[in-house]
Amino acid sequence: MFGADDPAPPPLPDMQDPGTLFDVLNLGIEEEKIYRVLFEKLATQDFDARENTVQRLVTRGPAVLPLAAVYAKSKDPEIAEIAASLRGRILLKYDGFLPPDPKLLSAMDRPITMKIENKETALELLQRLAKEQNVNLLFDQRYKPADFNLPESSVLTGAKMGRAVEVIANACNLVTAVRGDVLLLTSVDDANRLDRQRHSFGWKDLGMDREEAARIGESLQAFFPGVITELHTGSEVLSVRGPVGCIPKAARIVALLKPGSSGLWPAPSYELKKVDQTLALLEKPVAVALNRDDLTYALDDFHKTGLKVAAVAGPERAEKGPYPQPFQGLAPVTISLDGVPLGLALRWLVKRAAFPGQDASTSGLYAETDALGRVQVRVGAKDRDLLGLSVGGCEAGFLRPPELPVNTEDADKAVLEKLRKELGPHLLLFPEVQIETDLRVLRGRLLMQGTPASISAAIGWIKRWEKDGKPPPCAWFEAMRDRLDAPFEWDGRGLTAGKLLRKLREQGKFPVLLDDAADGDAAHFVLKNEDAELLPPGKHTLRELFDDLAIRAGAKWEIRWGTVVLTPAPKVVKRAPPPPKPPEPAAEAAKTPATAP
């Protein structure tokens, strides 16, 4: 990616992750004075006034709990009782940002050995597990859980604490919700409600008017789960309401919108200098023929080339066969790729994979670079975990056409178009990147979501572009373009339709694939043998030959993922001409009144 004497600039800033800089658990000095007065007001005999005060305390959230602990020892019994109950009220009702405690998350992800005694009930087992693993467990007293005696004594090993608690809680008609450092067991409806949290970010220092803020908010929707996330923008505030992961991600985006900022968060768990090693792997050409009865053999073909591609399904990860059980449900695939970079070959593998008899909207095959920079193929849910993606960005305003004013929609569109055009071929090597949705340009700044490896590479390419004054070259794309535009002696006389594509493949040294149209039309082309000769003998380029082939076969062609792809040409819908309008009736001649002879 970068020459030895021209290393990529480090994309990480010398600053802490903005997604962790939330001062929601502490009161300021002046704010503490205000809330001490509120606690004193709990002694009032006015029921409505007391409830309003309690609601104000709950609305502030966990930050008031240290004061609540003090006032729980008050000599006034009313104050002491309400202060002591405040923690439970906040955990059950507070809808602001309550970040999960890292220690609790670590405990929930820890493998455990679970001893089940037939003399204890399910709820007793939950309480014992929580005590053994130092997990704060809280039952929502508004719901009476179903309890039952465990059938027999046994020992289970290897299960993670979170999964074990979840299964037992579900059997008791409860679900789990992480609330700060507490694992709450409550109803499904309440867990879903508590999962949608809210927070507001001030960004008035960006100097935006209401119209620009609305445009930016609309553009950022692609970075969040659409149905369950609400973004409201004003010239001074961005308000976010959604799953807990939305709020740290929004904080990172707001930080990246500030002039001069550059970053990548959450930080990767590997050294960024290894990004070059990941990219070198993705750039390496492969030769695989995916025409096996079992698609998992395709991974063996990758491994024969010396490339390590892991198969992952849930917690299972295999560097070589046998692969996790979910891979056995994949249908056979027929596709021949030779000389295509690994990252592009993985894109074709994912596109052609299918699970017969399964809902394609809920399961699929995916290729990606993970948080450690490793390349893997995964079976899982089709919907992307947008909140699990990193976010990063840097200054890209140097690409703005000088005739366009800064911080305008037209300027941002022009910069984004340049980035997609020049960096698109580079980023295609990362099979998880969706260029149309993962890149945004706002106020002349690149914002990108994805894996740490892909974002780090993009930032490095942009900074190199700014330094050199020209976009970084993309080896695979330029080599393919050069072969398409190099004139050579062509003689198609005597070729049949079957031999034509083989000759074009040999000349271009890249695959030529037939693919279905976007509307689902099958890739079925009719080409007469006399048309297979294409252009007259002489010097021509492959680009000219493909243009002629597309016309004769009723197709269109494009470069896609390291191959030339032929798809059915869009159908021209002929509309029946409108029926002719009836002639306007002639004005009836005025009748001459009859006269007597």
# chains A, B, ... in the order shown; residues from 1 in each chain; ligands from 1

call {"tool": "residues_around", "arguments": {"residues": "Phe546 in chain A", "least_positions_apart": "3", "cutoff": "12 Å", "atoms": "only C-alpha atoms", "output": "ChimeraX atom specification"}}
result
/A:484-485,500-501,504-505,508,512,532-535,540-543,549-559,564-566

call {"tool": "select_by_dssp", "arguments": {"residues": "range 383-544 of chain A", "states": "strand (DSSP E)", "output": "list in words"}}
result
Ser390, Val391, Gly392, Gly393, Cys394, Glu395, Leu439, Arg440, Val441, Leu442, Arg445, Leu446, Leu447, Met448, Gln449, Gly450, Phe488, Glu489, Trp490, Val512, Leu513, Leu514, Gly538, Lys539 and His540 of chain A

call {"tool": "atom_distance", "arguments": {"atom1": "CA of Leu123 in chain A", "atom2": "CA of Asp147 in chain A"}}
result
6.3 Å

call {"tool": "select_by_dssp", "arguments": {"residues": "range 251-448 of chain A", "states": "alpha helix (DSSP H)", "output": "MDAnalysis selection string"}}
result
chainID A and resid 251:256 275:283 296:304 342:352 409:427 435:438

call {"tool": "atom_distance", "arguments": {"atom1": "CA of Arg241 in chain A", "atom2": "CA of Phe223 in chain A"}}
result
13.6 Å

call {"tool": "residues_around", "arguments": {"residues": "Asn173 in chain A", "least_positions_apart": "4", "cutoff": "7 Å", "atoms": "only C-alpha atoms", "output": "list in words"}}
result
Pro145, Ala146 and Ala169 of chain A

call {"tool": "atom_distance", "arguments": {"atom1": "CA of Leu372 in chain A", "atom2": "CA of Lys421 in chain A"}}
result
28.0 Å

call {"tool": "closest_atom_pairs", "arguments": {"of": "range 70-156 of chain A", "to": "range 180-183 of chain A", "cutoff": "6 Å", "atoms": "only C-alpha atoms", "output": "tab-separated table"}}
result
residue	atom	partner	partner_atom	distance
A:Leu98	CA	A:Gly180	CA	5.8
A:Pro99	CA	A:Gly180	CA	5.6
A:Pro100	CA	A:Gly180	CA	4.3
A:Asp101	CA	A:Asp181	CA	4.9
A:Leu104	CA	A:Asp181	CA	5.9
A:Asn136	CA	A:Val182	CA	4.9
A:Leu137	CA	A:Leu183	CA	4.9

call {"tool": "write_last_selection", "arguments": {"atoms": "C-alpha atoms", "output": "short mmCIF file (atom, residue, chain, number, x, y, z; two decimals), in the first residue's frame"}}
result
data_model
loop_
_atom_site.label_atom_id
_atom_site.label_comp_id
_atom_site.auth_asym_id
_atom_site.auth_seq_id
_atom_site.Cartn_x
_atom_site.Cartn_y
_atom_site.Cartn_z
CA LEU A 98 -26.30 4.73 31.03
CA PRO A 99 -23.09 3.15 29.70
CA PRO A 100 -22.50 -0.51 30.51
CA ASP A 101 -19.76 -1.14 33.03
CA LEU A 104 -19.78 -6.36 34.00
CA ASN A 136 -24.81 -7.38 40.61
CA LEU A 137 -28.18 -8.96 39.87
#

call {"tool": "residues_around", "arguments": {"residues": "range 194-205 of chain A", "least_positions_apart": "6", "cutoff": "9 Å", "atoms": "only C-alpha atoms", "output": "ChimeraX atom specification"}}
result
/A:91-98,177-179,228-229,234-244,246-247,250-251,254,258

call {"tool": "residues_around", "arguments": {"residues": "range 165-168 of chain A", "least_positions_apart": "2", "cutoff": "9 Å", "atoms": "only C-alpha atoms", "output": "list in words"}}
result
Met108, Ala122, Leu123, Leu125, Leu126, Leu129, Ala130, Lys160, Met161, Gly162, Arg163, Asn170, Ala171, Cys172, Asn173, Leu174, Val175 and Thr176 of chain A
